[in-house]
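Student: Before we start, here is the structure in question, set down as structure tokens.
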Amino acid sequence: MQHIDVDLVGPAAAMAHIVARLRAMEVLVEARDVVRNSDNPDYGWCSITVAVPDEE
């Protein structure tokens with residue numbers, strides 16, 4: 001398995017949903033705290049690390 005770092009950007013609720021789904025699929029390695037947009041706290045970004053199969 002390889003670990004891939006991904007930055008999610010958008011609505012905080014959508015990011016929480018994505019993180020929850022990846023965790024349920026057991027591919028989420030790490031999810032850092034959401035950094036909220038100061039002008040609109042409903043939006044922000046979050047860095048995650050996911051595990052993906054090695055290419056054969």
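We name chains A, B, ... following the order of the structure tokens; residues begin at 1 in each chain, and ligands are numbered from 1 as shown.
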Extract, using only C-alpha atoms, all DNA, RNA and protein residues at most 12 Å from Met25 (chain A), discarding same-chain residues fewer than 4 positions from it, and format them as a VMD selection string.

Tutor: chain A and resid 18 to 21 29 50 to 52

Student: For the residues selected in the previous step, produce a file with N, CA, C and O atoms as a JSON list (two decimals), in the first residue's frame.

Tutor:
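Dumped to selection-v9.json:
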```json
[["chain", "number", "residue", "atom", "x", "y", "z"],
["A", 18, "ILE", "N", -16.81, 13.02, 3.73],
["A", 18, "ILE", "CA", -15.77, 12.30, 3.00],
["A", 18, "ILE", "C", -14.85, 11.57, 3.96],
["A", 18, "ILE", "O", -14.52, 10.39, 3.77],
["A", 19, "VAL", "N", -14.42, 12.25, 5.01],
["A", 19, "VAL", "CA", -13.53, 11.64, 6.01],
["A", 19, "VAL", "C", -14.22, 10.45, 6.67],
["A", 19, "VAL", "O", -13.61, 9.39, 6.84],
["A", 20, "ALA", "N", -15.49, 10.59, 7.01],
["A", 20, "ALA", "CA", -16.22, 9.49, 7.64],
["A", 20, "ALA", "C", -16.33, 8.29, 6.70],
["A", 20, "ALA", "O", -16.15, 7.14, 7.12],
["A", 21, "ARG", "N", -16.59, 8.53, 5.42],
["A", 21, "ARG", "CA", -16.70, 7.43, 4.44],
["A", 21, "ARG", "C", -15.36, 6.73, 4.25],
["A", 21, "ARG", "O", -15.29, 5.50, 4.19],
["A", 29, "VAL", "N", -5.73, 7.01, 6.64],
["A", 29, "VAL", "CA", -4.57, 6.85, 7.51],
["A", 29, "VAL", "C", -4.55, 7.96, 8.55],
["A", 29, "VAL", "O", -4.34, 7.71, 9.73],
["A", 50, "VAL", "N", -4.46, 8.96, 2.73],
["A", 50, "VAL", "CA", -5.20, 7.73, 2.46],
["A", 50, "VAL", "C", -4.24, 6.66, 1.97],
["A", 50, "VAL", "O", -3.18, 6.95, 1.42],
["A", 51, "ALA", "N", -4.62, 5.40, 2.19],
["A", 51, "ALA", "CA", -3.84, 4.27, 1.72],
["A", 51, "ALA", "C", -4.47, 3.75, 0.43],
["A", 51, "ALA", "O", -5.68, 3.55, 0.36],
["A", 52, "VAL", "N", -3.64, 3.56, -0.59],
["A", 52, "VAL", "CA", -4.10, 3.03, -1.86],
["A", 52, "VAL", "C", -3.24, 1.83, -2.24],
["A", 52, "VAL", "O", -2.06, 1.79, -1.90]]
```

Student: How would you write, as a list in words, the set of residues in chain A that DSSP gives as helix (DSSP H, G or I)?

Tutor: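 Everything in chain A that counts as helix (DSSP H, G or I) is Ala12, Ala13, Ala14, Met15, Ala16, His17, Ile18, Val19, Ala20, Arg21, Leu22, Arg23 and Ala24 of chain A.
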
Student: Store the residues of this selection in a file with all heavy atoms, as a JSON list (two decimals), in the first residue's frame.

Tutor:
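Listing of part04.json after writing:
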```
[["chain", "number", "residue", "atom", "x", "y", "z"],
["A", 12, "ALA", "N", -17.29, 22.47, 5.00],
["A", 12, "ALA", "CA", -16.82, 21.66, 6.12],
["A", 12, "ALA", "C", -17.67, 20.40, 6.30],
["A", 12, "ALA", "O", -17.15, 19.32, 6.61],
["A", 12, "ALA", "CB", -16.80, 22.49, 7.40],
["A", 13, "ALA", "N", -18.97, 20.51, 6.10],
["A", 13, "ALA", "CA", -19.85, 19.34, 6.25],
["A", 13, "ALA", "C", -19.52, 18.27, 5.21],
["A", 13, "ALA", "O", -19.53, 17.07, 5.52],
["A", 13, "ALA", "CB", -21.31, 19.77, 6.13],
["A", 14, "ALA", "N", -19.21, 18.67, 4.00],
["A", 14, "ALA", "CA", -18.85, 17.72, 2.95],
["A", 14, "ALA", "C", -17.53, 17.04, 3.27],
["A", 14, "ALA", "O", -17.38, 15.82, 3.07],
["A", 14, "ALA", "CB", -18.77, 18.42, 1.59],
["A", 15, "MET", "N", -16.58, 17.80, 3.78],
["A", 15, "MET", "CA", -15.30, 17.21, 4.15],
["A", 15, "MET", "C", -15.47, 16.19, 5.27],
["A", 15, "MET", "O", -14.87, 15.12, 5.25],
["A", 15, "MET", "CB", -14.30, 18.29, 4.55],
["A", 15, "MET", "CG", -13.80, 19.09, 3.37],
["A", 15, "MET", "SD", -12.49, 20.23, 3.81],
["A", 15, "MET", "CE", -13.41, 21.51, 4.62],
["A", 16, "ALA", "N", -16.30, 16.51, 6.24],
["A", 16, "ALA", "CA", -16.57, 15.58, 7.34],
["A", 16, "ALA", "C", -17.19, 14.29, 6.81],
["A", 16, "ALA", "O", -16.86, 13.19, 7.26],
["A", 16, "ALA", "CB", -17.47, 16.23, 8.39],
["A", 17, "HIS", "N", -18.08, 14.41, 5.84],
["A", 17, "HIS", "CA", -18.72, 13.24, 5.23],
["A", 17, "HIS", "C", -17.68, 12.39, 4.49],
["A", 17, "HIS", "O", -17.67, 11.16, 4.63],
["A", 17, "HIS", "CB", -19.83, 13.69, 4.28],
["A", 17, "HIS", "CG", -20.51, 12.56, 3.58],
["A", 17, "HIS", "ND1", -21.39, 11.73, 4.22],
["A", 17, "HIS", "CD2", -20.42, 12.12, 2.31],
["A", 17, "HIS", "CE1", -21.82, 10.81, 3.36],
["A", 17, "HIS", "NE2", -21.24, 11.03, 2.20],
["A", 18, "ILE", "N", -16.81, 13.02, 3.73],
["A", 18, "ILE", "CA", -15.77, 12.30, 3.00],
["A", 18, "ILE", "C", -14.85, 11.57, 3.96],
["A", 18, "ILE", "O", -14.52, 10.39, 3.77],
["A", 18, "ILE", "CB", -14.98, 13.26, 2.09],
["A", 18, "ILE", "CG1", -15.88, 13.75, 0.95],
["A", 18, "ILE", "CG2", -13.71, 12.61, 1.56],
["A", 18, "ILE", "CD1", -15.31, 14.92, 0.17],
["A", 19, "VAL", "N", -14.42, 12.25, 5.01],
["A", 19, "VAL", "CA", -13.53, 11.64, 6.01],
["A", 19, "VAL", "C", -14.22, 10.45, 6.67],
["A", 19, "VAL", "O", -13.61, 9.39, 6.84],
["A", 19, "VAL", "CB", -13.07, 12.69, 7.04],
["A", 19, "VAL", "CG1", -12.41, 12.03, 8.24],
["A", 19, "VAL", "CG2", -12.12, 13.69, 6.39],
["A", 20, "ALA", "N", -15.49, 10.59, 7.01],
["A", 20, "ALA", "CA", -16.22, 9.49, 7.64],
["A", 20, "ALA", "C", -16.33, 8.29, 6.70],
["A", 20, "ALA", "O", -16.15, 7.14, 7.12],
["A", 20, "ALA", "CB", -17.62, 9.95, 8.06],
["A", 21, "ARG", "N", -16.59, 8.53, 5.42],
["A", 21, "ARG", "CA", -16.70, 7.43, 4.44],
["A", 21, "ARG", "C", -15.36, 6.73, 4.25],
["A", 21, "ARG", "O", -15.29, 5.50, 4.19],
["A", 21, "ARG", "CB", -17.21, 7.95, 3.09],
["A", 21, "ARG", "CG", -18.64, 8.44, 3.09],
["A", 21, "ARG", "CD", -19.65, 7.31, 3.29],
["A", 21, "ARG", "NE", -19.51, 6.24, 2.34],
["A", 21, "ARG", "CZ", -20.25, 6.07, 1.25],
["A", 21, "ARG", "NH1", -21.22, 6.92, 0.99],
["A", 21, "ARG", "NH2", -20.05, 5.06, 0.45],
["A", 22, "LEU", "N", -14.27, 7.51, 4.16],
["A", 22, "LEU", "CA", -12.95, 6.91, 3.99],
["A", 22, "LEU", "C", -12.56, 6.11, 5.23],
["A", 22, "LEU", "O", -11.95, 5.05, 5.12],
["A", 22, "LEU", "CB", -11.90, 7.98, 3.69],
["A", 22, "LEU", "CG", -12.03, 8.67, 2.34],
["A", 22, "LEU", "CD1", -11.08, 9.84, 2.25],
["A", 22, "LEU", "CD2", -11.79, 7.69, 1.21],
["A", 23, "ARG", "N", -12.92, 6.62, 6.40],
["A", 23, "ARG", "CA", -12.64, 5.89, 7.64],
["A", 23, "ARG", "C", -13.41, 4.57, 7.65],
["A", 23, "ARG", "O", -12.87, 3.52, 8.02],
["A", 23, "ARG", "CB", -13.00, 6.76, 8.85],
["A", 23, "ARG", "CG", -12.60, 6.14, 10.18],
["A", 23, "ARG", "CD", -12.78, 7.10, 11.33],
["A", 23, "ARG", "NE", -11.68, 8.05, 11.34],
["A", 23, "ARG", "CZ", -11.82, 9.37, 11.33],
["A", 23, "ARG", "NH1", -13.02, 9.91, 11.31],
["A", 23, "ARG", "NH2", -10.77, 10.16, 11.34],
["A", 24, "ALA", "N", -14.67, 4.58, 7.24],
["A", 24, "ALA", "CA", -15.49, 3.37, 7.20],
["A", 24, "ALA", "C", -14.93, 2.36, 6.20],
["A", 24, "ALA", "O", -15.04, 1.15, 6.41],
["A", 24, "ALA", "CB", -16.93, 3.72, 6.85]]
```

Student: Excluding same-chain residues fewer than 4 positions from Ser47 (chain A), what lies within 10 Å of it counting only C-alpha atoms, as a list in words?

Tutor: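 Returned residues: Asp5, Val6, Asp7, Leu8, Val9, Glu30, Ala31, Arg32, Asp33, Val34 and Val35 of chain A.
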
Student: I need the residues of chain A that end up classed as strand (DSSP E) by DSSP on the backbone, written out as a ChimeraX atom specification.

Tutor: /A:2-11,28-31,35-36,43-52

Student: Distance CA of Ile4 (chain A)-CA of Gly44 (chain A), one decimal place?

Tutor: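 Interatomic distance, CA of Ile4 (chain A) to CA of Gly44 (chain A): 20.2 Å.
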
Student: What does the distance from CA of Pro41 (chain A) to CA of Glu26 (chain A) come to in Å, to one decimal?

Tutor: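 CA of Glu26 (chain A) lies 28.6 Å from CA of Pro41 (chain A).
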
Student: Considering only C-alpha atoms, can you say which of A:Arg36, A:Leu28, A:Asp42, A:Pro53 comes closest to Pro11 (chain A)?

Tutor: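 Of A:Arg36, A:Leu28, A:Asp42, A:Pro53, the one nearest Pro11 (chain A), counting only C-alpha atoms, is A:Asp42.
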